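Structure file query14.cif (mmCIF, C-alpha atoms and all ligand atoms) follows.
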data_query
#
loop_
_atom_site.label_atom_id
_atom_site.label_comp_id
_atom_site.auth_asym_id
_atom_site.auth_seq_id
_atom_site.Cartn_x
_atom_site.Cartn_y
_atom_site.Cartn_z
CA MET A 1 126.08 91.24 56.57
CA HIS A 2 124.56 88.39 58.54
CA LYS A 3 121.36 87.21 56.94
CA ARG A 4 118.58 87.19 59.52
CA LEU A 5 116.24 84.26 60.08
CA ILE A 6 112.86 85.36 61.34
CA VAL A 7 110.03 83.19 62.62
CA GLN A 8 106.68 84.94 62.29
CA LYS A 9 103.37 83.60 63.55
CA PHE A 10 100.01 84.90 62.36
CA GLY A 11 96.96 84.09 64.50
CA GLY A 12 93.48 83.19 63.30
CA SER A 13 92.18 86.76 63.24
CA SER A 14 95.17 87.85 61.13
CA VAL A 15 94.15 85.39 58.40
CA ALA A 16 90.38 85.51 58.87
CA ASN A 17 89.53 86.36 55.24
CA VAL A 18 91.02 86.76 51.77
CA GLU A 19 92.00 90.37 52.27
CA ARG A 20 93.80 89.62 55.53
CA ILE A 21 95.64 86.67 54.02
CA GLN A 22 96.79 89.00 51.23
CA ASN A 23 97.95 91.53 53.84
CA VAL A 24 99.96 88.87 55.63
CA ALA A 25 101.51 87.87 52.30
CA LYS A 26 102.50 91.50 51.68
CA ARG A 27 104.12 91.81 55.09
CA VAL A 28 106.05 88.57 54.66
CA VAL A 29 107.23 89.63 51.22
CA ALA A 30 108.33 93.03 52.54
CA TYR A 31 110.68 91.23 54.96
CA ARG A 32 111.86 88.95 52.19
CA LYS A 33 112.74 91.95 50.03
CA LYS A 34 115.04 93.12 52.82
CA GLY A 35 116.86 89.79 52.46
CA ASP A 36 115.55 87.96 55.52
CA ASP A 37 114.94 84.23 55.60
CA LEU A 38 111.42 83.56 56.82
CA VAL A 39 109.60 80.73 58.52
CA VAL A 40 105.94 81.66 58.81
CA VAL A 41 103.63 79.80 61.19
CA VAL A 42 99.91 80.21 60.58
CA SER A 43 96.76 79.42 62.61
CA ALA A 44 93.43 78.35 61.18
CA LEU A 45 91.29 81.03 59.50
CA GLY A 46 89.23 83.09 61.97
CA ASP A 47 87.05 80.89 64.18
CA THR A 48 87.60 77.71 62.18
CA THR A 49 88.86 75.69 65.15
CA ASP A 50 85.81 76.58 67.27
CA GLU A 51 83.52 75.75 64.38
CA LEU A 52 85.15 72.36 63.90
CA ILE A 53 84.76 71.62 67.62
CA ASP A 54 81.05 72.52 67.43
CA LEU A 55 80.64 70.32 64.40
CA ALA A 56 82.27 67.38 66.17
CA ASN A 57 80.06 67.83 69.23
CA LYS A 58 76.95 67.73 67.06
CA ILE A 59 78.00 64.30 65.85
CA ASN A 60 79.27 62.95 69.19
CA THR A 61 79.37 64.74 72.54
CA ASP A 62 82.32 62.61 73.62
CA PRO A 63 84.47 62.37 70.50
CA SER A 64 87.66 60.33 70.36
CA GLU A 65 90.67 62.58 70.97
CA ARG A 66 92.57 61.01 68.10
CA GLU A 67 89.78 61.86 65.69
CA MET A 68 89.51 65.35 67.19
CA ASP A 69 93.15 65.96 66.27
CA MET A 70 92.58 64.58 62.80
CA LEU A 71 89.72 67.05 62.42
CA LEU A 72 91.21 70.17 64.04
CA SER A 73 94.53 69.94 62.23
CA THR A 74 92.71 70.50 58.94
CA GLY A 75 92.08 74.14 59.87
CA GLU A 76 95.76 75.03 59.68
CA GLN A 77 96.24 73.00 56.51
CA ILE A 78 93.82 75.33 54.74
CA SER A 79 95.53 78.51 55.86
CA VAL A 80 99.11 77.49 54.99
CA ALA A 81 98.11 76.56 51.45
CA LEU A 82 96.21 79.82 50.93
CA LEU A 83 99.06 81.91 52.29
CA ALA A 84 101.54 80.15 49.99
CA MET A 85 99.25 80.92 47.04
CA ALA A 86 98.97 84.56 48.09
CA ILE A 87 102.76 84.85 48.24
CA HIS A 88 103.14 83.17 44.82
CA LYS A 89 100.72 85.73 43.44
CA LEU A 90 103.10 88.46 44.59
CA GLY A 91 105.84 86.79 42.59
CA PHE A 92 107.79 85.16 45.43
CA GLU A 93 108.67 81.56 46.16
CA ALA A 94 106.96 79.92 49.12
CA ILE A 95 106.18 76.39 50.17
CA SER A 96 103.68 75.21 52.78
CA PHE A 97 104.09 72.25 55.12
CA THR A 98 102.04 70.41 57.73
CA GLY A 99 103.55 69.81 61.17
CA ALA A 100 104.30 66.21 60.23
CA GLN A 101 106.10 67.24 57.04
CA VAL A 102 108.51 69.46 58.96
CA GLY A 103 109.21 66.83 61.58
CA ILE A 104 107.40 68.24 64.60
CA ILE A 105 107.41 65.03 66.63
CA THR A 106 105.18 64.90 69.69
CA ASP A 107 104.10 62.45 72.34
CA SER A 108 100.71 60.76 71.98
CA SER A 109 98.60 62.90 74.33
CA HIS A 110 96.03 63.81 71.73
CA THR A 111 94.57 67.37 71.94
CA ARG A 112 97.39 68.51 74.26
CA ALA A 113 100.48 66.82 72.86
CA ARG A 114 104.00 67.84 73.88
CA ILE A 115 106.73 68.42 71.35
CA VAL A 116 109.47 65.83 71.80
CA LYS A 117 111.77 66.95 69.01
CA ILE A 118 111.86 68.74 65.71
CA ASN A 119 113.69 67.38 62.67
CA ALA A 120 114.08 70.67 60.85
CA ASP A 121 116.04 69.38 57.83
CA ARG A 122 113.20 69.92 55.42
CA ILE A 123 112.74 73.53 56.55
CA LYS A 124 116.47 74.17 56.24
CA LYS A 125 116.56 72.66 52.75
CA ALA A 126 113.64 74.81 51.57
CA LEU A 127 115.23 77.93 53.08
CA GLY A 128 118.46 77.00 51.33
CA GLU A 129 116.54 76.96 48.05
CA GLY A 130 115.46 80.52 48.70
CA LYS A 131 111.87 79.71 49.60
CA ILE A 132 109.66 81.31 52.21
CA VAL A 133 108.65 78.41 54.45
CA ILE A 134 105.08 78.29 55.74
CA VAL A 135 104.28 75.88 58.55
CA ALA A 136 100.88 74.80 59.88
CA GLY A 137 100.72 75.82 63.54
CA PHE A 138 99.22 73.83 66.42
CA GLN A 139 100.04 70.36 65.07
CA GLY A 140 102.59 67.60 65.07
CA VAL A 141 102.80 63.88 64.61
CA ASN A 142 103.53 61.07 67.06
CA LEU A 143 105.84 58.12 66.52
CA ASP A 144 102.92 56.07 65.12
CA GLN A 145 102.44 58.74 62.42
CA ASP A 146 99.16 59.88 63.99
CA ILE A 147 98.42 63.60 63.79
CA THR A 148 98.38 65.38 67.16
CA THR A 149 97.53 68.93 68.26
CA LEU A 150 99.30 71.06 70.86
CA GLY A 151 96.38 72.47 72.88
CA ARG A 152 94.34 75.61 72.17
CA GLY A 153 96.45 78.53 71.05
CA GLY A 154 99.15 76.01 70.12
CA SER A 155 100.41 77.88 67.06
CA ASP A 156 102.25 80.16 69.47
CA LEU A 157 104.10 77.08 70.70
CA THR A 158 104.90 75.94 67.15
CA ALA A 159 106.46 79.35 66.48
CA VAL A 160 108.53 79.49 69.67
CA ALA A 161 109.71 75.90 69.29
CA LEU A 162 110.77 76.51 65.69
CA ALA A 163 112.52 79.76 66.67
CA LYS A 164 114.49 77.81 69.26
CA GLU A 165 115.28 74.88 66.98
CA LEU A 166 116.36 77.07 64.05
CA LYS A 167 118.20 79.55 66.30
CA ALA A 168 116.14 82.33 64.73
CA ASP A 169 117.22 85.93 65.15
CA GLU A 170 113.65 86.96 65.94
CA CYS A 171 110.34 85.41 66.91
CA GLU A 172 107.38 87.62 66.09
CA ILE A 173 103.84 86.75 67.17
CA TYR A 174 101.34 88.76 65.13
CA THR A 175 97.83 89.14 66.51
CA ASP A 176 94.81 91.47 66.41
CA VAL A 177 95.93 93.80 69.22
CA GLU A 178 99.12 95.84 69.46
CA GLY A 179 100.80 93.70 72.08
CA ILE A 180 100.32 92.65 75.69
CA TYR A 181 98.07 95.02 77.63
CA THR A 182 97.40 95.65 81.31
CA THR A 183 94.13 93.83 80.73
CA ASP A 184 92.12 92.59 77.75
CA PRO A 185 91.65 95.79 75.70
CA ARG A 186 88.31 94.45 74.49
CA ILE A 187 86.98 94.59 78.04
CA GLU A 188 88.72 97.80 79.14
CA PRO A 189 89.48 100.29 76.35
CA ARG A 190 91.68 102.22 78.79
CA ALA A 191 94.07 99.26 79.08
CA ARG A 192 97.70 100.26 78.49
CA LYS A 193 100.13 98.49 76.20
CA ILE A 194 103.13 97.10 78.10
CA ASP A 195 106.48 97.64 76.31
CA GLU A 196 108.40 94.86 78.03
CA ILE A 197 107.26 92.01 80.24
CA THR A 198 109.11 89.11 81.87
CA TYR A 199 108.49 85.47 80.99
CA ASP A 200 107.32 84.87 84.55
CA GLU A 201 104.63 87.53 84.49
CA MET A 202 103.52 86.61 80.98
CA LEU A 203 103.34 82.95 81.96
CA GLU A 204 101.19 83.80 84.97
CA MET A 205 98.92 86.02 82.85
CA ALA A 206 98.58 83.37 80.17
CA SER A 207 97.82 80.62 82.71
CA LEU A 208 95.20 82.85 84.30
CA GLY A 209 93.34 83.50 81.06
CA ALA A 210 95.08 86.21 78.99
CA GLN A 211 94.42 84.48 75.71
CA VAL A 212 96.91 86.56 73.74
CA MET A 213 99.77 84.07 74.29
CA GLN A 214 99.52 80.34 74.95
CA ALA A 215 101.01 79.55 78.38
CA ARG A 216 103.02 76.58 77.15
CA SER A 217 104.69 78.68 74.47
CA ILE A 218 105.96 81.01 77.20
CA GLU A 219 107.26 78.05 79.22
CA VAL A 220 109.35 76.99 76.24
CA ALA A 221 110.47 80.57 75.51
CA LYS A 222 111.59 80.91 79.13
CA LYS A 223 113.37 77.57 79.20
CA PHE A 224 115.41 78.35 76.09
CA ASN A 225 115.49 82.12 76.47
CA VAL A 226 113.73 82.92 73.21
CA PRO A 227 112.73 86.62 73.15
CA ILE A 228 109.24 87.12 71.73
CA HIS A 229 107.92 90.22 70.03
CA CYS A 230 104.11 90.21 70.28
CA ARG A 231 102.61 92.78 67.89
CA SER A 232 99.75 93.70 65.60
CA SER A 233 99.33 92.32 62.10
CA PHE A 234 97.34 95.43 61.23
CA SER A 235 100.02 98.04 61.92
CA ASP A 236 103.78 98.54 61.86
CA LYS A 237 104.02 99.78 65.44
CA SER A 238 106.30 97.85 67.72
CA GLY A 239 104.47 95.75 70.30
CA THR A 240 105.56 94.05 73.52
CA MET A 241 108.86 92.27 74.12
CA ILE A 242 108.49 89.17 76.29
CA ILE A 243 111.93 88.64 77.79
CA LYS A 244 113.89 87.41 80.79
CA GLU A 245 114.35 90.70 82.61
CA VAL A 246 112.87 94.12 82.11
CA LYS A 247 114.51 97.46 82.84
CA LEU A 248 111.91 99.34 84.86
CA MET A 249 110.80 96.80 87.37
CA GLU A 250 110.82 98.87 90.56
CA ASP A 251 107.67 100.41 91.88
CA VAL A 252 105.32 98.44 89.69
CA VAL A 253 103.11 96.53 92.07
CA LEU A 254 100.77 95.09 89.51
CA SER A 255 101.25 94.40 85.83
CA ALA A 256 97.87 93.15 84.75
CA VAL A 257 94.33 92.01 85.49
CA THR A 258 93.18 88.83 83.76
CA LEU A 259 89.89 87.07 83.25
CA ASN A 260 89.19 83.40 82.62
CA ARG A 261 85.72 82.22 81.71
CA ASN A 262 86.71 78.70 80.81
CA GLU A 263 86.34 77.13 84.23
CA ALA A 264 83.46 75.35 85.94
CA LYS A 265 82.95 74.69 89.65
CA ILE A 266 81.91 71.39 91.17
CA THR A 267 80.72 71.18 94.77
CA ILE A 268 80.34 67.96 96.71
CA CYS A 269 77.98 68.55 99.61
CA ASP A 270 78.03 66.81 102.98
CA VAL A 271 81.30 64.96 102.66
CA PRO A 272 82.22 62.85 105.73
CA ASP A 273 84.92 64.80 107.58
CA LYS A 274 87.56 62.13 108.04
CA PRO A 275 91.04 61.42 106.71
CA GLY A 276 91.47 60.03 103.21
CA ILE A 277 88.28 61.32 101.61
CA ALA A 278 89.79 64.19 99.62
CA ALA A 279 92.56 61.86 98.48
CA LYS A 280 89.98 59.43 97.10
CA ILE A 281 88.11 62.09 95.14
CA PHE A 282 91.13 63.81 93.61
CA LYS A 283 92.94 60.56 92.89
CA GLU A 284 90.02 59.40 90.75
CA LEU A 285 90.07 62.68 88.81
CA ALA A 286 93.85 62.63 88.37
CA GLU A 287 93.92 59.02 87.22
CA ASN A 288 91.46 59.94 84.51
CA GLY A 289 93.47 62.93 83.34
CA VAL A 290 91.24 65.69 84.75
CA ASN A 291 93.23 68.71 85.84
CA VAL A 292 91.86 70.20 89.05
CA ASP A 293 92.59 73.85 89.66
CA MET A 294 91.34 75.66 92.76
CA ILE A 295 90.15 73.61 95.72
CA VAL A 296 88.22 74.84 98.75
CA GLN A 297 87.04 72.79 101.68
CA ASN A 298 84.85 74.71 104.08
CA VAL A 299 84.64 74.51 107.86
CA SER A 300 83.06 71.32 108.95
CA HIS A 301 79.86 71.17 110.99
CA LEU A 302 78.57 67.97 112.50
CA ARG A 303 81.49 66.03 111.03
CA GLN A 304 80.46 66.91 107.50
CA THR A 305 82.00 69.36 105.08
CA ASP A 306 81.55 70.71 101.52
CA ILE A 307 84.36 70.47 99.00
CA SER A 308 84.42 72.71 95.92
CA PHE A 309 86.91 72.68 93.09
CA THR A 310 87.29 74.12 89.62
CA ILE A 311 88.18 72.40 86.38
CA SER A 312 88.25 73.44 82.76
CA LYS A 313 84.73 73.69 81.25
CA SER A 314 85.75 71.30 78.52
CA GLU A 315 86.35 68.61 81.15
CA ALA A 316 83.27 69.37 83.25
CA LEU A 317 81.13 66.55 81.90
CA LYS A 318 83.83 63.98 82.55
CA ALA A 319 84.63 65.46 85.99
CA VAL A 320 80.99 65.37 87.14
CA LYS A 321 80.67 61.74 86.04
CA LEU A 322 83.81 60.72 87.93
CA THR A 323 82.91 62.74 91.01
CA LYS A 324 79.45 61.16 91.17
CA LYS A 325 81.04 57.73 91.00
CA VAL A 326 83.37 58.39 93.96
CA ALA A 327 80.64 60.26 95.85
CA ARG A 328 78.40 57.21 95.71
CA SER A 329 81.14 55.00 97.07
CA ILE A 330 81.88 57.25 100.06
CA GLY A 331 78.33 58.37 100.74
CA THR A 332 78.18 62.14 100.26
CA GLY A 333 75.30 64.52 99.60
CA GLU A 334 74.48 66.24 96.33
CA ILE A 335 76.97 67.09 93.57
CA LEU A 336 76.44 70.61 92.22
CA GLU A 337 77.92 71.93 89.02
CA ASP A 338 78.18 75.64 88.20
CA GLU A 339 79.43 76.80 84.80
CA ASP A 340 78.34 80.34 85.38
CA ILE A 341 81.53 81.46 87.07
CA ALA A 342 84.60 83.48 86.13
CA ARG A 343 88.06 83.79 87.56
CA VAL A 344 89.40 87.31 87.87
CA SER A 345 93.07 87.64 88.79
CA ILE A 346 95.70 90.27 89.43
CA VAL A 347 99.29 89.59 88.39
CA GLY A 348 102.54 91.31 89.31
CA VAL A 349 105.99 90.45 90.64
CA GLY A 350 105.78 93.61 92.75
CA MET A 351 103.17 92.09 95.04
CA LYS A 352 105.88 90.00 96.69
CA SER A 353 107.24 93.13 98.35
CA HIS A 354 104.07 95.21 98.74
CA PRO A 355 101.76 94.18 101.56
CA GLY A 356 98.02 94.77 101.39
CA VAL A 357 97.46 93.92 97.73
CA ALA A 358 95.04 91.10 98.55
CA ALA A 359 93.10 93.30 100.95
CA THR A 360 92.76 95.98 98.28
CA MET A 361 91.53 93.43 95.78
CA PHE A 362 88.86 92.02 98.11
CA ASP A 363 87.83 95.50 99.20
CA THR A 364 87.42 96.63 95.58
CA LEU A 365 85.21 93.65 94.80
CA ALA A 366 83.17 94.23 97.97
CA LYS A 367 82.62 97.89 97.14
CA ASN A 368 81.25 96.77 93.80
CA LYS A 369 78.95 94.26 95.54
CA ILE A 370 80.73 91.34 93.94
CA ASN A 371 80.71 88.20 96.05
CA ILE A 372 83.90 86.10 96.17
CA GLU A 373 83.24 82.36 96.00
CA MET A 374 86.81 81.05 96.06
CA ILE A 375 90.28 82.53 96.44
CA SER A 376 93.69 81.28 95.44
CA THR A 377 97.11 82.86 95.45
CA SER A 378 100.57 82.29 94.02
CA ASP A 379 103.79 84.21 94.54
CA ILE A 380 102.86 86.76 91.92
CA SER A 381 99.07 86.52 91.54
CA ILE A 382 95.78 86.47 93.41
CA SER A 383 92.63 84.97 91.88
CA CYS A 384 88.98 85.11 92.89
CA ILE A 385 86.11 83.05 91.55
CA ILE A 386 83.04 85.22 91.13
CA LYS A 387 79.72 85.07 89.24
CA ASN A 388 80.22 85.34 85.51
CA GLN A 389 77.77 88.21 85.17
CA SER A 390 80.03 90.45 87.31
CA ALA A 391 83.24 89.48 85.53
CA GLU A 392 83.77 92.51 83.30
CA LYS A 393 82.74 94.92 86.03
CA ALA A 394 85.33 93.29 88.32
CA VAL A 395 88.08 93.55 85.71
CA ARG A 396 87.41 97.24 85.12
CA ALA A 397 87.16 98.04 88.82
CA LEU A 398 90.45 96.30 89.67
CA HIS A 399 92.21 97.82 86.67
CA GLU A 400 91.15 101.26 87.85
CA GLN A 401 91.86 100.66 91.54
CA PHE A 402 95.42 99.51 90.93
CA GLY A 403 96.18 102.47 88.67
CA LEU A 404 96.75 100.47 85.51
CA ALA A 405 94.57 102.59 83.23
CA LYS A 406 95.91 105.06 80.67
CA ALA A 407 96.43 108.53 82.10
P1 LIG P 501 95.34 85.01 67.68
O1 LIG P 501 94.18 84.60 66.83
O2 LIG P 501 96.19 86.05 67.02
O3 LIG P 501 96.13 83.88 68.23
P2 LIG P 501 94.02 85.32 70.24
O4 LIG P 501 92.55 85.53 70.09
O5 LIG P 501 94.51 84.00 70.64
O6 LIG P 501 94.70 85.81 68.88
O7 LIG P 501 94.62 86.41 71.25
C1 LIG P 501 94.40 87.77 71.06
C2 LIG P 501 93.29 88.28 71.97
O8 LIG P 501 93.69 88.12 73.33
C3 LIG P 501 93.01 89.76 71.84
O9 LIG P 501 92.09 90.01 70.81
C4 LIG P 501 92.48 90.14 73.22
O10 LIG P 501 91.07 90.28 73.22
C5 LIG P 501 92.85 88.96 74.11
N1 LIG P 501 93.55 89.36 75.33
C6 LIG P 501 93.23 88.93 76.58
N2 LIG P 501 94.01 89.50 77.49
C7 LIG P 501 94.88 90.30 76.84
C8 LIG P 501 95.96 91.14 77.25
N3 LIG P 501 96.29 91.28 78.55
N4 LIG P 501 96.65 91.83 76.31
C9 LIG P 501 96.32 91.70 75.01
N5 LIG P 501 95.29 90.93 74.55
C10 LIG P 501 94.59 90.22 75.45
N1 LIG P 502 93.75 77.16 65.70
C1 LIG P 502 94.16 76.74 67.01
C2 LIG P 502 93.22 77.30 68.07
O1 LIG P 502 92.28 78.02 67.74
C3 LIG P 502 95.59 77.11 67.33
C4 LIG P 502 95.88 78.59 67.42
O2 LIG P 502 95.07 79.44 67.01
O3 LIG P 502 96.96 78.93 67.89
O4 LIG P 502 93.38 77.00 69.22
MG MG P 503 96.04 82.66 69.99
#

If you took the structure in this file and wrote it as structure tokens, what would it be?
Ligand code: ADP
Ligand code: ASP
Ligand code: MG
Amino acid sequence: MHKRLIVQKFGGSSVANVERIQNVAKRVVAYRKKGDDLVVVVSALGDTTDELIDLANKINTDPSEREMDMLLSTGEQISVALLAMAIHKLGFEAISFTGAQVGIITDSSHTRARIVKINADRIKKALGEGKIVIVAGFQGVNLDQDITTLGRGGSDLTAVALAKELKADECEIYTDVEGIYTTDPRIEPRARKIDEITYDEMLEMASLGAQVMQARSIEVAKKFNVPIHCRSSFSDKSGTMIIKEVKLMEDVVLSAVTLNRNEAKITICDVPDKPGIAAKIFKELAENGVNVDMIVQNVSHLRQTDISFTISKSEALKAVKLTKKVARSIGTGEILEDEDIARVSIVGVGMKSHPGVAATMFDTLAKNKINIEMISTSDISISCIIKNQSAEKAVRALHEQFGLAKA
């Protein structure tokens, strides 16, 4: 019989303490006993990455990105070693590697590096020697031998990229919920598990804040058609298959409601209403690597207008600085920053063919006395920026209104 090669990824919560690491080891060994070859990708223990970021910020509020990568990559180095030890204790052979050791070569964009290629010889050799291979997620190395990281949630990307490179038979992403749900089950306990979801919908959900899968990992899975099984590390139940096409697509208008609390809003007041101004502002941000998301320019009175846009909270400080600089040069009014916002979105391929979805969304928010500050749409999603304090209420109301809740 064909020997299967399985790539498994265990997230931070799945390896948060000694007992959980031992559980992961048991699961890996159970597969091994069936004769499978295993490449196991692991994230940092529990909240280690957040704690390291906090630590860095206490030392320097604007740390060098190269040093950030040097620091953050240590989290995963701890977990791979501990998992290897736990597997040894069960009497099986395992060997742990950093991203650099297994040839995950990236570009040099520190903290959000892209994988350029993978030289998987070392993994193949270890597998050939009968070892369980354990790889540190979220990290790689650039051509100057500097350690890089792949963006938050990047262990998902490590797993998918390895599954592609090694032509794995399966790619399993183990997490602390039983799969992909119609909304975050921690916000809405009545959220339903989805059995199958397309890359496109999952990508949209991930980009709009569903933390369960990293968006870039889904981009790679889609590009190379790598099926992903997202499931719980605490049970044996099957989870959600993330694939190219699903069987029961008709009649589903919406698949999910998502929430993103990682954005901040910047408003430039009293901007001269003449050609070229917006270009100046957004060019400055782009040239300095700040990613702008939603943009709204309101109706102009007296040849002046307000421009608001959102960026990631982690870039807010930099964005405000840059915006103030341009604002001074073109003579605008105040610059306001608001971090107390949330983006609530609805996602579904079905909305392409069902009119009135946007109206229902706005109406539901209105009925719940939730004010919409900004709106944006794509082919398969609609997002509203609202006050953070109403975020969970909005998620639950939309989930209910669109009939996503468990019967
Ligand atoms: P890991 O540490 O395993 O990588 P993450 O914290 O990155 O786990 O992702 C899992 C979390 O994603 C869940 O605990 C859940 O709260 C959150 N989540 C948000 N939206 C969804 C969704 N639609 N379906 C499932 N989980 C979701
Ligand atoms: N430890 C990294 C993070 O917290 C990578 C991951 O968990 O996937 O973002
Ligand atoms: Mg994650």

Inset, instruction - Please indicate the distance in Å from CA of Arg32 (chain A) to CA of Ala86 (chain A), rounded to one decimal place. - result: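 Between these atoms lies a distance of 14.2 Å.
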
Neighbouring residues of Val177 (chain A) were defined as those with any atom within 12 Å, considering only C-alpha atoms; residues of the same chain fewer than 6 positions away were excluded. Please report them as an mmCIF file with C-alpha atoms, keeping the file's coordinate frame.
data_model
loop_
_atom_site.group_PDB
_atom_site.id
_atom_site.type_symbol
_atom_site.label_atom_id
_atom_site.label_comp_id
_atom_site.auth_asym_id
_atom_site.auth_seq_id
_atom_site.Cartn_x
_atom_site.Cartn_y
_atom_site.Cartn_z
ATOM 1 C CA PHE A 10 100.010 84.900 62.360
ATOM 2 C CA GLY A 11 96.960 84.090 64.500
ATOM 3 C CA SER A 13 92.180 86.760 63.240
ATOM 4 C CA SER A 14 95.170 87.850 61.130
ATOM 5 C CA THR A 183 94.130 93.830 80.730
ATOM 6 C CA ASP A 184 92.120 92.590 77.750
ATOM 7 C CA PRO A 185 91.650 95.790 75.700
ATOM 8 C CA ARG A 186 88.310 94.450 74.490
ATOM 9 C CA PRO A 189 89.480 100.290 76.350
ATOM 10 C CA ALA A 191 94.070 99.260 79.080
ATOM 11 C CA ARG A 192 97.700 100.260 78.490
ATOM 12 C CA LYS A 193 100.130 98.490 76.200
ATOM 13 C CA ILE A 194 103.130 97.100 78.100
ATOM 14 C CA GLN A 211 94.420 84.480 75.710
ATOM 15 C CA VAL A 212 96.910 86.560 73.740
ATOM 16 C CA MET A 213 99.770 84.070 74.290
ATOM 17 C CA CYS A 230 104.110 90.210 70.280
ATOM 18 C CA ARG A 231 102.610 92.780 67.890
ATOM 19 C CA SER A 232 99.750 93.700 65.600
ATOM 20 C CA SER A 233 99.330 92.320 62.100
ATOM 21 C CA PHE A 234 97.340 95.430 61.230
ATOM 22 C CA SER A 235 100.020 98.040 61.920
ATOM 23 C CA ASP A 236 103.780 98.540 61.860
ATOM 24 C CA LYS A 237 104.020 99.780 65.440
ATOM 25 C CA SER A 238 106.300 97.850 67.720
ATOM 26 C CA GLY A 239 104.470 95.750 70.300
ATOM 27 C CA THR A 240 105.560 94.050 73.520
#

Given a cut-off of 10 Å, what residues near ligand MG 503 (chain P) show up using all atoms listed in the file, put as a PDB file with C-alpha atoms, keeping the file's coordinate frame?
ATOM      1  CA  LYS A   9     103.370  83.600  63.550  1.00  0.00           C
ATOM      2  CA  PHE A  10     100.010  84.900  62.360  1.00  0.00           C
ATOM      3  CA  GLY A  11      96.960  84.090  64.500  1.00  0.00           C
ATOM      4  CA  GLY A  12      93.480  83.190  63.300  1.00  0.00           C
ATOM      5  CA  SER A  13      92.180  86.760  63.240  1.00  0.00           C
ATOM      6  CA  SER A  43      96.760  79.420  62.610  1.00  0.00           C
ATOM      7  CA  ARG A 152      94.340  75.610  72.170  1.00  0.00           C
ATOM      8  CA  GLY A 153      96.450  78.530  71.050  1.00  0.00           C
ATOM      9  CA  GLY A 154      99.150  76.010  70.120  1.00  0.00           C
ATOM     10  CA  SER A 155     100.410  77.880  67.060  1.00  0.00           C
ATOM     11  CA  ASP A 156     102.250  80.160  69.470  1.00  0.00           C
ATOM     12  CA  LEU A 157     104.100  77.080  70.700  1.00  0.00           C
ATOM     13  CA  ILE A 173     103.840  86.750  67.170  1.00  0.00           C
ATOM     14  CA  TYR A 174     101.340  88.760  65.130  1.00  0.00           C
ATOM     15  CA  THR A 175      97.830  89.140  66.510  1.00  0.00           C
ATOM     16  CA  ASP A 176      94.810  91.470  66.410  1.00  0.00           C
ATOM     17  CA  ALA A 210      95.080  86.210  78.990  1.00  0.00           C
ATOM     18  CA  GLN A 211      94.420  84.480  75.710  1.00  0.00           C
ATOM     19  CA  VAL A 212      96.910  86.560  73.740  1.00  0.00           C
ATOM     20  CA  MET A 213      99.770  84.070  74.290  1.00  0.00           C
ATOM     21  CA  GLN A 214      99.520  80.340  74.950  1.00  0.00           C
TER      22      GLN A 214
END

Inset, instruction - Quick one: pull the distance between CA of Val271 (chain A) and CA of Gln304 (chain A), Å, one decimal. - result: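 One can read the CA of Val271 (chain A) to CA of Gln304 (chain A) distance as 5.3 Å.
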
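The coordinates place CA of Asp36 (chain A) at 5.1 Å from CA of Arg4 (chain A).
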
Inset, instruction - Excluding Gln297 (chain A) and any residue of its chain fewer than 3 positions from it, enumerate the residues within 8 Å of it, using all atoms listed in the file, and give them as a ChimeraX atom specification. - result: /A:305-308

Inset, instruction - Would you mind telling me which residue in A:Lys280, A:Arg396, A:Lys387, A:Lys352 lies nearest to Thr364 (chain A) when using all atoms listed in the file? - result: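 For Thr364 (chain A), the nearest of the given residues is A:Arg396.
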
Inset, instruction - Tell me, as an NGL selection string, which residues lie within 12 Å of Lys223 (chain A), counting all atoms listed in the file; anything in the same chain fewer than 6 positions away does not count. - result: :A and (160-161 or 164 or 199-200 or 203 or 216-217 or 243-244)

Inset, instruction - For Val252 (chain A), list every protein, DNA or RNA residue within 10 Å, evaluated using only C-alpha atoms, and leave out those in the same chain fewer than 4 positions away; present the list as a list of chain:residue names. - result: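 Counting only the stated atoms, we get A:Leu248, A:Gly348, A:Val349, A:Gly350, A:Met351, A:His354, A:Leu404.
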
Those residues with C-alpha atoms, as a short mmCIF file (atom, residue, chain, number, x, y, z; two decimals), in the coordinates of the input please?
data_model
loop_
_atom_site.label_atom_id
_atom_site.label_comp_id
_atom_site.auth_asym_id
_atom_site.auth_seq_id
_atom_site.Cartn_x
_atom_site.Cartn_y
_atom_site.Cartn_z
CA LEU A 248 111.91 99.34 84.86
CA GLY A 348 102.54 91.31 89.31
CA VAL A 349 105.99 90.45 90.64
CA GLY A 350 105.78 93.61 92.75
CA MET A 351 103.17 92.09 95.04
CA HIS A 354 104.07 95.21 98.74
CA LEU A 404 96.75 100.47 85.51
#

Inset, instruction - Mind checking which residues fall within 12 Å of Val42 (chain A), counting all atoms listed in the file, ignoring those fewer than 5 positions away in the same chain, and posting them as a PyMOL selection string? - result: chain A and resi 7-16+21+24-25+28+73+75-84+96-99+133-139+153-159+172-175

Given 5 Å on each side, where is the centre and what are the edge lengths in Å to one decimal of the axis-aligned box enclosing the listed atoms of region 202-207 of chain A, as lines of an AutoDock Vina configuration file?
center_x = 100.7
center_y = 83.6
center_z = 82.6
size_x = 15.7
size_y = 16.0
size_z = 14.8

Inset, instruction - Choose the residue, out of A:Arg261, A:Lys283, A:Arg112, A:Lys117, that has the smallest atom-to-atom separation from ligand LIG 501 (chain P); count all atoms listed in the file. - result: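 So, comparing all the options, the nearest one is A:Arg261.
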
Legend entry - Distance criterion (all atoms listed in the file): nearest to ligand LIG 502 (chain P) out of A:Gly276, A:Pro63, A:Gly403, A:Gly46: A:Gly46
